[in-house]
Protein chains: 2
Amino acid sequence: MGALRFHSLCLFLSTSTRAASAPTRLSPLHHHSHGHLVFKAKPYTLASRDLSTQVTAEAEAPENIEKHPKSGQEGFITPRSHDFNAWYADIIANAELADYGPVRGTMVIRPYGYAIWEAIQDYLNAKIKETGHKNVYFPQFIPYSFIEKEASHVEGFSPELALVTIGGGKELEEKLVVRPTSETIVNYKFTQWIRSYRDLPLMINQWANVTRWEMRTKPFIRTLEFLWQEGHTAHATLEEAEEEALKMISVYKTFAYEQAAIPVIVGRKSRLETFAGALRTYTIEAMMGDRRALQAGTSHNLGQNFSRAFETQFTDENGQRQYVWQTSWAVSTRFVGGIIMTHGDDVVIVPIWKKDDEKTGVLNAAYSVEKVLKTAGIKVELDASEQRTPGWKFNFWEMKGVPLRIEIGPRDVSSGTVVISRRDVPGKQGKVFGVSMESSILEAYVKDKLDEVQSSLLEKAISFRNSNILDVSSYDELKEAISQGKWARGPWSGSDAEELRVKEETGATIRCFPFEQPEGTKTCFMTGNPTEEVAIFAKSY
Amino acid sequence: MGALRFHSLCLFLSTSTRAASAPTRLSPLHHHSHGHLVFKAKPYTLASRDLSTQVTAEAEAPENIEKHPKSGQEGFITPRSHDFNAWYADIIANAELADYGPVRGTMVIRPYGYAIWEAIQDYLNAKIKETGHKNVYFPQFIPYSFIEKEASHVEGFSPELALVTIGGGKELEEKLVVRPTSETIVNYKFTQWIRSYRDLPLMINQWANVTRWEMRTKPFIRTLEFLWQEGHTAHATLEEAEEEALKMISVYKTFAYEQAAIPVIVGRKSRLETFAGALRTYTIEAMMGDRRALQAGTSHNLGQNFSRAFETQFTDENGQRQYVWQTSWAVSTRFVGGIIMTHGDDVVIVPIWKKDDEKTGVLNAAYSVEKVLKTAGIKVELDASEQRTPGWKFNFWEMKGVPLRIEIGPRDVSSGTVVISRRDVPGKQGKVFGVSMESSILEAYVKDKLDEVQSSLLEKAISFRNSNILDVSSYDELKEAISQGKWARGPWSGSDAEELRVKEETGATIRCFPFEQPEGTKTCFMTGNPTEEVAIFAKSY
């Protein structure tokens, strides 16, 4: 299978694309075999863009709008430049990535969105196993008393818990927490599984759903329930735990760069932003298309905070009882939001014919090209539906983010060639005519082009990111940068109170102290004190 | 990757095996490098075998018992003949398949148990996609009002619901059901996604956790929370829905026979045993080692029950609004219970040496054999730990169900051969000496042996099953068969009341009307009326 690349057009990250920079209307011109042409002026859209107005009643859906056979919905895509949030909601709905659940803040992940999550899972699951972790599954119901054991953990999570109070028709004696994360229940078991240093390191992972009662929600980015992997490890020493936490944030970083073409910034969280119960939190921070920061993955060195709360001890080589040192780390379906408009497919083939006598030849050629590419391990979709025009299909698959389109018409059939269009290069410039259908040539060409798209996306994203981070040496400069919507990077040794003040006055938080630091001692722009580190400030999701 | 076979020793299904037929004690003879010999008379076992006595307090674990570096626990395995339930609990604990969660009836699936589930997932996920279904994810919180919409559904599920009543610190206006199954929330979305016949069939699947507040629980077989896949489809006609329901039960049957070596009986459920809300339920029923029946997978033709309750309609080719016809089907972690003592690995290599100067040669040979087999796609575990004797390792891996063991000692190294032992054939009879280490020979030999083990297991299981199903032609004969612990097969046209009477008087239920039926009209053993069908009665889990 090899590594799965998101040959992605990351609209969030690239500076401009066709679908994003101009209003797009999918023209629902039907010419299907039964001959009725169906069109409805009012596009079928979600009942509301705002999750807070979700209702349990069924949404009113116009009944006689025809849908794309690949299940596409007609709709108007708000230009990104006009309203980023509306654009995001439109893309989610029209590319059928997700839909709203009946309960406020919940989300149904639809096939195209779930395929992105499966691609993330495939890659990370392999890496997690390669690095020595084993998959397990823990119950999602946690006794309320567990959450209370670690002081900062309960403080961080108690406001957003969902509680089961009735089971099998009876009021429960102890309320059950629907897991917001599993450190507590994992430690409950670790106390039983770990006895001596020979049981360490103990390294497990689970793929699970988690629930956090969030008030402001947004599909994928912040939902009441989401899917994730959570790794949990126990070690004999602080050093090993630190090494593990760093290793896993590095796995996430590699994934972001190499698979998703997202040039994240890796660093350490400030004390205020550290995970509730952790000693240190490492993060990968991505710059979205609106330049807000998205925390796309975290890795925590938990120190002995949970092991002390749960008495998770081991007998060391000298027969002494010691508390274990722990880590935990997670990537969630939030990442799907970060790579929205990526896709499960690499290539879409659109056959084009006008007359009925051209149809068989064109379709046969299309099926044969499909087979060649599939055999080569490329994910390919053949859109052979007759209900839509080629133009409609071009738009539809562009919106879904498929990076390469292969067009095959009657003339291509006679010359034994195809036309290949790159999604990230608009117009004729991104089109190559006369690529041979011969399998080895076509395969090599397509793979090469996919690599090119990937590099080009990453390059664009890096340049977008770099041009939107300003180095600041005073608080005024920081305020100015943030007010321009940019990220600010500056020397920092402020207190928690000063960090909070920045947040209150500018809306920006410390995203991280990046691993990549300029050399030498600097002067904190807030306190004037000497400091070794710069921090990155930004508004975030 | 190819199909994954469970080269399994299904203790539940085979009539006798070493580990099952005799009491086994893993002798914890340590001779690890630090020189202390640790032994404790009282084996480390679970606090209780009975989930109903689970407590939230940590179990008392002896602190200085050494664990196998592969994380095995010492313990005594109750002979299966002595007490089947105790044997099952011992196997679950000692083979580290699962452990008890803090909340009554919940379970932690440990790495070895989870690996079995992952193997089931890998196989079924591929088949589910091949048969045209797409993966999605639905929220697990369902408004209580949804459950009430379909009359028999609410009747079937309301006694075993877990309810969330508090979210984010506030009492909720409407209680939320933690999903026991997803037909209701799926229909809520289907009403929005389905508009015309062109949107049909709509075929989705999800891998998810579900919650049912069961009172009598048993690891894997019946737990408060479990993992499963649930398929949901909508069709334009009853015939298509029926075809789909039959297709999926057939996928499950093939899986059981070909992968798990479990010769299930496929059939239709009686009306009493039909899924709450379904028109017809198809089932695969497996005979466990104690001859109880295990319902290992079900597929439901839901008819229009849910579509009428939720108004899930489509416009047909004539422009008429019609209710869709639906199916749903599921296999859960219960299946892991059915193939307990199966395993994730095909082969374990145990290197054997006495003197230090033999060690390097033996280990090098073992690593090289491991590499050969891994390259050939065989799942292999090399147990090179120095803390345990070869004899201890033999027992340990037998208990975990690994079907082939490769032993390599100093003499084997000099002759360039290995010894291969089959787990399902005890003693010398199952041992072959002098198998060449040469990669092509060894690979072919091992693959061949694994196939043999698989066929042999299936054969034994079929013969065990067949010898425990009695044909009955009177109610007295049925009572006699059931009292002997067997299954009874007989002509049946009784009423619901008569079926209930059988249950009350014998403890047996109709497991199914098997697809394989004897020809001709028979006489119902209960009513004396003519009937076309025989039913199978058994006590079940």
# chains A, B, ... in the order shown; residues from 1 in each chain; ligands from 1
call {"tool": "interface_residues", "arguments": {"of": "chain A", "to": "chain B", "cutoff": "8 Å", "atoms": "only C-alpha atoms", "output": "mmCIF file with N, CA and C atoms, in the first residue's frame"}}
result
data_model
loop_
_atom_site.group_PDB
_atom_site.id
_atom_site.type_symbol
_atom_site.label_atom_id
_atom_site.label_comp_id
_atom_site.auth_asym_id
_atom_site.auth_seq_id
_atom_site.Cartn_x
_atom_site.Cartn_y
_atom_site.Cartn_z
ATOM 1 N N THR A 56 -34.105 19.447 16.766
ATOM 2 C CA THR A 56 -34.338 18.015 16.605
ATOM 3 C C THR A 56 -35.348 17.730 15.500
ATOM 4 N N GLU A 58 -36.845 17.540 11.810
ATOM 5 C CA GLU A 58 -36.206 17.335 10.518
ATOM 6 C C GLU A 58 -36.106 18.673 9.789
ATOM 7 N N ALA A 59 -35.016 18.855 9.099
ATOM 8 C CA ALA A 59 -34.861 20.063 8.309
ATOM 9 C C ALA A 59 -35.834 20.010 7.134
ATOM 10 N N ALA A 61 -36.504 19.986 3.610
ATOM 11 C CA ALA A 61 -35.727 19.783 2.397
ATOM 12 C C ALA A 61 -36.658 19.824 1.199
ATOM 13 N N GLU A 63 -38.223 18.724 -2.027
ATOM 14 C CA GLU A 63 -38.325 17.303 -2.303
ATOM 15 C C GLU A 63 -37.896 16.879 -3.691
ATOM 16 N N ASN A 64 -37.974 17.798 -4.627
ATOM 17 C CA ASN A 64 -37.775 17.309 -5.991
ATOM 18 C C ASN A 64 -36.503 17.823 -6.662
ATOM 19 N N ILE A 65 -35.501 18.118 -5.848
ATOM 20 C CA ILE A 65 -34.227 18.467 -6.453
ATOM 21 C C ILE A 65 -33.461 17.187 -6.735
ATOM 22 N N GLU A 66 -32.937 17.092 -7.912
ATOM 23 C CA GLU A 66 -32.165 15.908 -8.271
ATOM 24 C C GLU A 66 -30.784 16.024 -7.652
ATOM 25 N N LYS A 67 -30.275 14.905 -7.188
ATOM 26 C CA LYS A 67 -28.910 14.927 -6.662
ATOM 27 C C LYS A 67 -27.962 14.260 -7.637
ATOM 28 N N PRO A 69 -25.435 11.704 -8.941
ATOM 29 C CA PRO A 69 -25.416 10.269 -8.599
ATOM 30 C C PRO A 69 -24.294 9.946 -7.621
ATOM 31 N N SER A 71 -23.844 11.581 -5.215
ATOM 32 C CA SER A 71 -24.477 12.148 -4.031
ATOM 33 C C SER A 71 -24.123 13.608 -3.750
ATOM 34 N N GLY A 101 -25.873 16.697 13.379
ATOM 35 C CA GLY A 101 -26.624 15.716 14.137
ATOM 36 C C GLY A 101 -27.826 16.388 14.783
ATOM 37 N N PRO A 102 -28.749 15.604 15.323
ATOM 38 C CA PRO A 102 -29.939 16.191 15.926
ATOM 39 C C PRO A 102 -29.648 16.922 17.240
ATOM 40 N N VAL A 103 -28.590 16.543 17.912
ATOM 41 C CA VAL A 103 -28.252 17.183 19.182
ATOM 42 C C VAL A 103 -27.255 18.312 18.901
ATOM 43 N N THR A 106 -23.390 18.244 17.653
ATOM 44 C CA THR A 106 -22.958 16.940 17.141
ATOM 45 C C THR A 106 -22.959 16.947 15.624
ATOM 46 N N MET A 107 -22.261 15.981 15.046
ATOM 47 C CA MET A 107 -21.994 15.977 13.610
ATOM 48 C C MET A 107 -22.051 14.561 13.070
ATOM 49 N N VAL A 108 -22.634 14.411 11.896
ATOM 50 C CA VAL A 108 -22.551 13.144 11.176
ATOM 51 C C VAL A 108 -21.399 13.269 10.187
ATOM 52 N N ILE A 109 -20.454 12.366 10.257
ATOM 53 C CA ILE A 109 -19.350 12.392 9.290
ATOM 54 C C ILE A 109 -19.765 11.555 8.089
ATOM 55 N N ARG A 110 -19.886 12.192 6.948
ATOM 56 C CA ARG A 110 -20.383 11.516 5.745
ATOM 57 C C ARG A 110 -19.237 10.800 5.015
ATOM 58 N N PRO A 111 -19.585 9.949 4.043
ATOM 59 C CA PRO A 111 -18.544 9.106 3.437
ATOM 60 C C PRO A 111 -17.288 9.849 2.981
ATOM 61 N N TYR A 114 -15.459 10.935 6.035
ATOM 62 C CA TYR A 114 -14.944 9.791 6.793
ATOM 63 C C TYR A 114 -13.752 9.160 6.086
ATOM 64 N N ALA A 115 -13.757 9.216 4.746
ATOM 65 C CA ALA A 115 -12.627 8.652 3.997
ATOM 66 C C ALA A 115 -11.333 9.395 4.344
ATOM 67 N N LYS A 134 0.626 -0.727 21.343
ATOM 68 C CA LYS A 134 -0.393 -1.718 20.998
ATOM 69 C C LYS A 134 -1.780 -1.134 21.202
ATOM 70 N N ASN A 135 -2.679 -1.491 20.312
ATOM 71 C CA ASN A 135 -4.042 -0.975 20.418
ATOM 72 C C ASN A 135 -4.863 -1.734 21.456
ATOM 73 N N VAL A 136 -5.687 -0.983 22.158
ATOM 74 C CA VAL A 136 -6.578 -1.525 23.184
ATOM 75 C C VAL A 136 -7.899 -0.775 23.080
ATOM 76 N N TYR A 137 -8.864 -1.168 23.933
ATOM 77 C CA TYR A 137 -10.081 -0.365 24.037
ATOM 78 C C TYR A 137 -10.551 -0.299 25.479
ATOM 79 N N PHE A 138 -10.709 0.914 25.957
ATOM 80 C CA PHE A 138 -11.188 1.158 27.318
ATOM 81 C C PHE A 138 -12.663 1.560 27.290
ATOM 82 N N PRO A 139 -13.411 1.234 28.351
ATOM 83 C CA PRO A 139 -14.815 1.654 28.414
ATOM 84 C C PRO A 139 -14.914 3.175 28.399
ATOM 85 N N GLN A 140 -16.002 3.672 27.841
ATOM 86 C CA GLN A 140 -16.160 5.132 27.792
ATOM 87 C C GLN A 140 -16.804 5.700 29.048
ATOM 88 N N PHE A 141 -17.402 4.847 29.866
ATOM 89 C CA PHE A 141 -18.028 5.354 31.096
ATOM 90 C C PHE A 141 -17.020 5.315 32.237
ATOM 91 N N ILE A 142 -16.790 6.470 32.824
ATOM 92 C CA ILE A 142 -15.796 6.622 33.883
ATOM 93 C C ILE A 142 -16.507 7.085 35.153
ATOM 94 N N PRO A 143 -16.294 6.400 36.274
ATOM 95 C CA PRO A 143 -16.919 6.859 37.522
ATOM 96 C C PRO A 143 -16.524 8.316 37.804
ATOM 97 N N SER A 158 -14.157 19.497 34.270
ATOM 98 C CA SER A 158 -15.504 19.406 34.846
ATOM 99 C C SER A 158 -16.539 20.302 34.173
ATOM 100 N N PRO A 159 -16.173 21.489 33.646
ATOM 101 C CA PRO A 159 -17.233 22.297 33.026
ATOM 102 C C PRO A 159 -17.802 21.684 31.748
ATOM 103 N N GLU A 160 -17.097 20.726 31.146
ATOM 104 C CA GLU A 160 -17.578 20.254 29.851
ATOM 105 C C GLU A 160 -17.872 18.758 29.830
ATOM 106 N N LEU A 161 -18.371 18.241 30.950
ATOM 107 C CA LEU A 161 -18.669 16.817 31.009
ATOM 108 C C LEU A 161 -20.124 16.515 30.649
ATOM 109 N N ALA A 162 -20.306 15.365 29.990
ATOM 110 C CA ALA A 162 -21.649 14.805 29.819
ATOM 111 C C ALA A 162 -21.768 13.680 30.841
ATOM 112 N N LEU A 163 -22.878 13.661 31.577
ATOM 113 C CA LEU A 163 -23.029 12.693 32.660
ATOM 114 C C LEU A 163 -24.213 11.770 32.432
ATOM 115 N N VAL A 164 -23.953 10.461 32.561
ATOM 116 C CA VAL A 164 -25.020 9.472 32.543
ATOM 117 C C VAL A 164 -25.480 9.298 33.979
ATOM 118 N N THR A 165 -26.772 9.525 34.201
ATOM 119 C CA THR A 165 -27.296 9.401 35.571
ATOM 120 C C THR A 165 -28.339 8.300 35.684
ATOM 121 N N ILE A 166 -28.825 7.812 34.517
ATOM 122 C CA ILE A 166 -29.840 6.764 34.515
ATOM 123 C C ILE A 166 -29.377 5.607 33.649
ATOM 124 N N GLY A 167 -29.414 4.403 34.193
ATOM 125 C CA GLY A 167 -29.035 3.217 33.427
ATOM 126 C C GLY A 167 -30.043 2.111 33.665
ATOM 127 N N GLY A 168 -30.534 1.497 32.580
ATOM 128 C CA GLY A 168 -31.501 0.413 32.726
ATOM 129 C C GLY A 168 -32.732 0.838 33.497
ATOM 130 N N GLY A 169 -33.126 2.087 33.339
ATOM 131 C CA GLY A 169 -34.355 2.574 33.975
ATOM 132 C C GLY A 169 -34.176 3.034 35.413
ATOM 133 N N ILE A 185 -9.050 6.547 33.716
ATOM 134 C CA ILE A 185 -9.404 5.133 33.658
ATOM 135 C C ILE A 185 -8.199 4.287 33.222
ATOM 136 N N TYR A 188 -6.218 3.704 36.338
ATOM 137 C CA TYR A 188 -6.889 2.694 37.166
ATOM 138 C C TYR A 188 -6.420 1.303 36.768
ATOM 139 N N THR A 191 -2.415 0.644 37.366
ATOM 140 C CA THR A 191 -2.058 0.240 38.736
ATOM 141 C C THR A 191 -2.114 -1.277 38.880
ATOM 142 N N GLN A 192 -2.976 -1.925 38.087
ATOM 143 C CA GLN A 192 -3.095 -3.381 38.174
ATOM 144 C C GLN A 192 -2.134 -4.108 37.254
ATOM 145 N N ARG A 195 3.696 -3.924 37.669
ATOM 146 C CA ARG A 195 4.195 -4.320 38.972
ATOM 147 C C ARG A 195 5.689 -3.999 39.113
ATOM 148 N N SER A 196 6.487 -4.428 38.126
ATOM 149 C CA SER A 196 7.906 -4.128 38.265
ATOM 150 C C SER A 196 8.427 -3.373 37.046
ATOM 151 N N ARG A 198 10.107 -4.369 34.871
ATOM 152 C CA ARG A 198 10.055 -5.199 33.663
ATOM 153 C C ARG A 198 8.771 -5.001 32.871
ATOM 154 N N ASP A 199 7.763 -4.456 33.509
ATOM 155 C CA ASP A 199 6.506 -4.174 32.806
ATOM 156 C C ASP A 199 6.553 -2.830 32.074
ATOM 157 N N TRP A 213 -18.544 18.810 26.324
ATOM 158 C CA TRP A 213 -19.716 19.653 26.162
ATOM 159 C C TRP A 213 -19.316 21.070 25.803
ATOM 160 N N GLU A 214 -18.922 21.257 24.550
ATOM 161 C CA GLU A 214 -18.443 22.552 24.083
ATOM 162 C C GLU A 214 -19.620 23.463 23.800
ATOM 163 N N GLU A 225 -19.060 15.638 20.271
ATOM 164 C CA GLU A 225 -18.432 14.318 20.247
ATOM 165 C C GLU A 225 -17.460 14.312 19.081
ATOM 166 N N THR A 315 8.019 -1.511 41.036
ATOM 167 C CA THR A 315 9.197 -1.835 41.838
ATOM 168 C C THR A 315 10.419 -1.711 40.942
#
call {"tool": "atom_distance", "arguments": {"atom1": "CA of Trp207 (chain B)", "atom2": "CA of Trp228 (chain B)"}}
result
5.8 Å
call {"tool": "select_by_dssp", "arguments": {"residues": "region 52-290 of chain B", "states": "strand (DSSP E)", "output": "PyMOL selection string"}}
result
chain B and resi 76-77+98-100+107-109+134-135+141-143+162-167+170-178+202-211+225-235+265-268+280-287
call {"tool": "residues_around", "arguments": {"residues": "Glu239 (chain B)", "least_positions_apart": "3", "cutoff": "10 Å", "atoms": "only C-alpha atoms", "output": "VMD selection string"}}
result
chain B and resid 235 to 236 242 to 245 301 303 325
call {"tool": "residues_around", "arguments": {"residues": "Lys431 (chain B)", "least_positions_apart": "6", "cutoff": "9 Å", "atoms": "only C-alpha atoms", "output": "CSV table (one decimal) with N, CA, C and O atoms, in the first residue's frame"}}
result
chain,number,residue,atom,x,y,z
B,419,VAL,N,12.4,-27.4,14.6
B,419,VAL,CA,11.3,-28.3,15.0
B,419,VAL,C,10.0,-27.6,15.0
B,419,VAL,O,9.9,-26.4,15.5
B,420,ILE,N,9.0,-28.1,14.4
B,420,ILE,CA,7.7,-27.5,14.3
B,420,ILE,C,6.6,-28.3,15.0
B,420,ILE,O,6.5,-29.5,14.8
B,421,SER,N,5.9,-27.6,16.0
B,421,SER,CA,4.9,-28.3,16.8
B,421,SER,C,3.5,-27.7,16.4
B,421,SER,O,3.3,-26.5,16.4
B,422,ARG,N,2.5,-28.6,16.2
B,422,ARG,CA,1.2,-28.1,16.0
B,422,ARG,C,0.5,-28.1,17.3
B,422,ARG,O,0.5,-29.1,18.1
B,425,VAL,N,-2.5,-30.8,17.8
B,425,VAL,CA,-2.2,-32.2,17.9
B,425,VAL,C,-1.2,-32.4,19.0
B,425,VAL,O,0.0,-32.1,18.9
call {"tool": "residues_around", "arguments": {"residues": "region 482-488 of chain A", "least_positions_apart": "6", "cutoff": "12 Å", "atoms": "only C-alpha atoms", "output": "PyMOL selection string"}}
result
chain A and resi 265+285-293+464-476+502-503+505-513+525+534-540
call {"tool": "write_last_selection", "arguments": {"atoms": "N, CA and C atoms", "output": "short mmCIF file (atom, residue, chain, number, x, y, z; two decimals), in the first residue's frame"}}
result
data_model
loop_
_atom_site.label_atom_id
_atom_site.label_comp_id
_atom_site.auth_asym_id
_atom_site.auth_seq_id
_atom_site.Cartn_x
_atom_site.Cartn_y
_atom_site.Cartn_z
N ILE A 265 3.77 24.42 12.90
CA ILE A 265 4.87 24.84 13.77
C ILE A 265 4.82 23.99 15.03
N GLU A 285 0.96 23.42 15.53
CA GLU A 285 0.01 24.50 15.27
C GLU A 285 0.00 24.81 13.77
N ALA A 286 -1.20 24.78 13.21
CA ALA A 286 -1.33 25.02 11.77
C ALA A 286 -1.98 26.37 11.54
N MET A 287 -1.54 27.05 10.47
CA MET A 287 -2.17 28.32 10.12
C MET A 287 -3.27 28.04 9.10
N MET A 288 -4.51 28.37 9.46
CA MET A 288 -5.63 28.16 8.56
C MET A 288 -5.70 29.28 7.52
N GLY A 289 -6.59 29.13 6.57
CA GLY A 289 -6.70 30.11 5.48
C GLY A 289 -7.07 31.50 5.96
N ASP A 290 -7.76 31.59 7.10
CA ASP A 290 -8.09 32.90 7.66
C ASP A 290 -7.02 33.34 8.66
N ARG A 291 -5.94 32.59 8.69
CA ARG A 291 -4.76 32.85 9.52
C ARG A 291 -5.00 32.63 11.00
N ARG A 292 -6.14 32.03 11.36
CA ARG A 292 -6.27 31.60 12.74
C ARG A 292 -5.41 30.36 12.94
N ALA A 293 -4.96 30.16 14.17
CA ALA A 293 -4.15 28.98 14.48
C ALA A 293 -5.07 27.82 14.83
N PHE A 464 2.75 31.04 2.44
CA PHE A 464 1.61 31.75 3.06
C PHE A 464 1.86 31.91 4.56
N ARG A 465 2.28 30.83 5.19
CA ARG A 465 2.54 30.86 6.62
C ARG A 465 3.64 31.87 6.95
N ASN A 466 4.76 31.77 6.25
CA ASN A 466 5.90 32.62 6.58
C ASN A 466 5.58 34.11 6.38
N SER A 467 4.79 34.40 5.35
CA SER A 467 4.50 35.81 5.10
C SER A 467 3.49 36.35 6.11
N ASN A 468 2.93 35.46 6.94
CA ASN A 468 1.94 35.92 7.92
C ASN A 468 2.40 35.79 9.36
N ILE A 469 3.69 35.58 9.54
CA ILE A 469 4.25 35.60 10.90
C ILE A 469 5.19 36.80 11.00
N LEU A 470 4.89 37.70 11.90
CA LEU A 470 5.74 38.89 12.05
C LEU A 470 6.57 38.79 13.32
N ASP A 471 7.84 39.15 13.22
CA ASP A 471 8.68 39.23 14.42
C ASP A 471 8.41 40.57 15.10
N VAL A 472 8.12 40.51 16.40
CA VAL A 472 7.80 41.74 17.13
C VAL A 472 8.78 41.92 18.28
N SER A 473 9.06 43.17 18.61
CA SER A 473 9.96 43.40 19.74
C SER A 473 9.33 44.34 20.77
N SER A 474 8.05 44.64 20.58
CA SER A 474 7.34 45.41 21.61
C SER A 474 5.89 44.96 21.64
N TYR A 475 5.23 45.28 22.72
CA TYR A 475 3.83 44.88 22.85
C TYR A 475 2.98 45.59 21.79
N ASP A 476 3.35 46.84 21.49
CA ASP A 476 2.62 47.57 20.44
C ASP A 476 2.73 46.87 19.09
N VAL A 502 -2.54 39.80 27.55
CA VAL A 502 -2.42 39.81 26.09
C VAL A 502 -3.69 39.23 25.48
N LYS A 503 -4.16 38.12 26.07
CA LYS A 503 -5.35 37.47 25.54
C LYS A 503 -6.57 38.39 25.60
N GLU A 505 -6.62 41.68 25.85
CA GLU A 505 -6.50 42.92 25.08
C GLU A 505 -6.44 42.70 23.58
N THR A 506 -5.98 41.51 23.15
CA THR A 506 -5.80 41.31 21.70
C THR A 506 -6.57 40.10 21.16
N GLY A 507 -7.01 39.22 22.03
CA GLY A 507 -7.68 38.00 21.56
C GLY A 507 -6.70 36.90 21.19
N ALA A 508 -5.41 37.21 21.26
CA ALA A 508 -4.41 36.20 20.87
C ALA A 508 -3.88 35.46 22.10
N THR A 509 -3.55 34.19 21.89
CA THR A 509 -2.93 33.40 22.95
C THR A 509 -1.56 32.92 22.49
N ILE A 510 -0.75 32.50 23.46
CA ILE A 510 0.53 31.89 23.07
C ILE A 510 0.21 30.53 22.47
N ARG A 511 0.52 30.34 21.21
CA ARG A 511 0.27 29.05 20.57
C ARG A 511 1.34 28.06 20.96
N CYS A 512 2.58 28.54 21.00
CA CYS A 512 3.67 27.68 21.49
C CYS A 512 4.97 28.45 21.56
N PHE A 513 5.93 27.88 22.29
CA PHE A 513 7.33 28.27 22.19
C PHE A 513 7.91 27.34 21.14
N PHE A 525 9.57 41.28 25.27
CA PHE A 525 8.92 42.53 24.82
C PHE A 525 7.92 43.06 25.84
N VAL A 534 11.59 32.77 22.19
CA VAL A 534 10.49 33.51 21.59
C VAL A 534 9.24 32.65 21.66
N ALA A 535 8.09 33.32 21.77
CA ALA A 535 6.80 32.63 21.73
C ALA A 535 6.04 33.10 20.51
N ILE A 536 5.10 32.27 20.06
CA ILE A 536 4.24 32.66 18.94
C ILE A 536 2.84 32.93 19.45
N PHE A 537 2.33 34.11 19.13
CA PHE A 537 0.98 34.51 19.54
C PHE A 537 0.06 34.53 18.33
N ALA A 538 -1.16 34.06 18.52
CA ALA A 538 -2.13 34.14 17.43
C ALA A 538 -3.54 33.95 17.97
N LYS A 539 -4.51 34.39 17.19
CA LYS A 539 -5.89 34.01 17.48
C LYS A 539 -6.07 32.58 17.00
N SER A 540 -6.87 31.84 17.71
CA SER A 540 -6.96 30.43 17.37
C SER A 540 -8.41 29.96 17.30
#
call {"tool": "closest_residue", "arguments": {"among": "B:Asn529, B:Gln429, B:Ser152, B:Ser328", "to": "Ala309 (chain B)", "atoms": "only C-alpha atoms"}}
result
B:Ser152
call {"tool": "atom_distance", "arguments": {"atom1": "CA of Ala95 (chain A)", "atom2": "CA of Met203 (chain B)"}}
result
18.2 Å
call {"tool": "select_by_dssp", "arguments": {"residues": "region 262-341 of chain A", "states": "helix (DSSP H, G or I)", "output": "ChimeraX atom specification"}}
result
/A:305-310,334-338
call {"tool": "atom_distance", "arguments": {"atom1": "CA of Ser440 (chain B)", "atom2": "CA of Val372 (chain B)"}}
result
8.6 Å
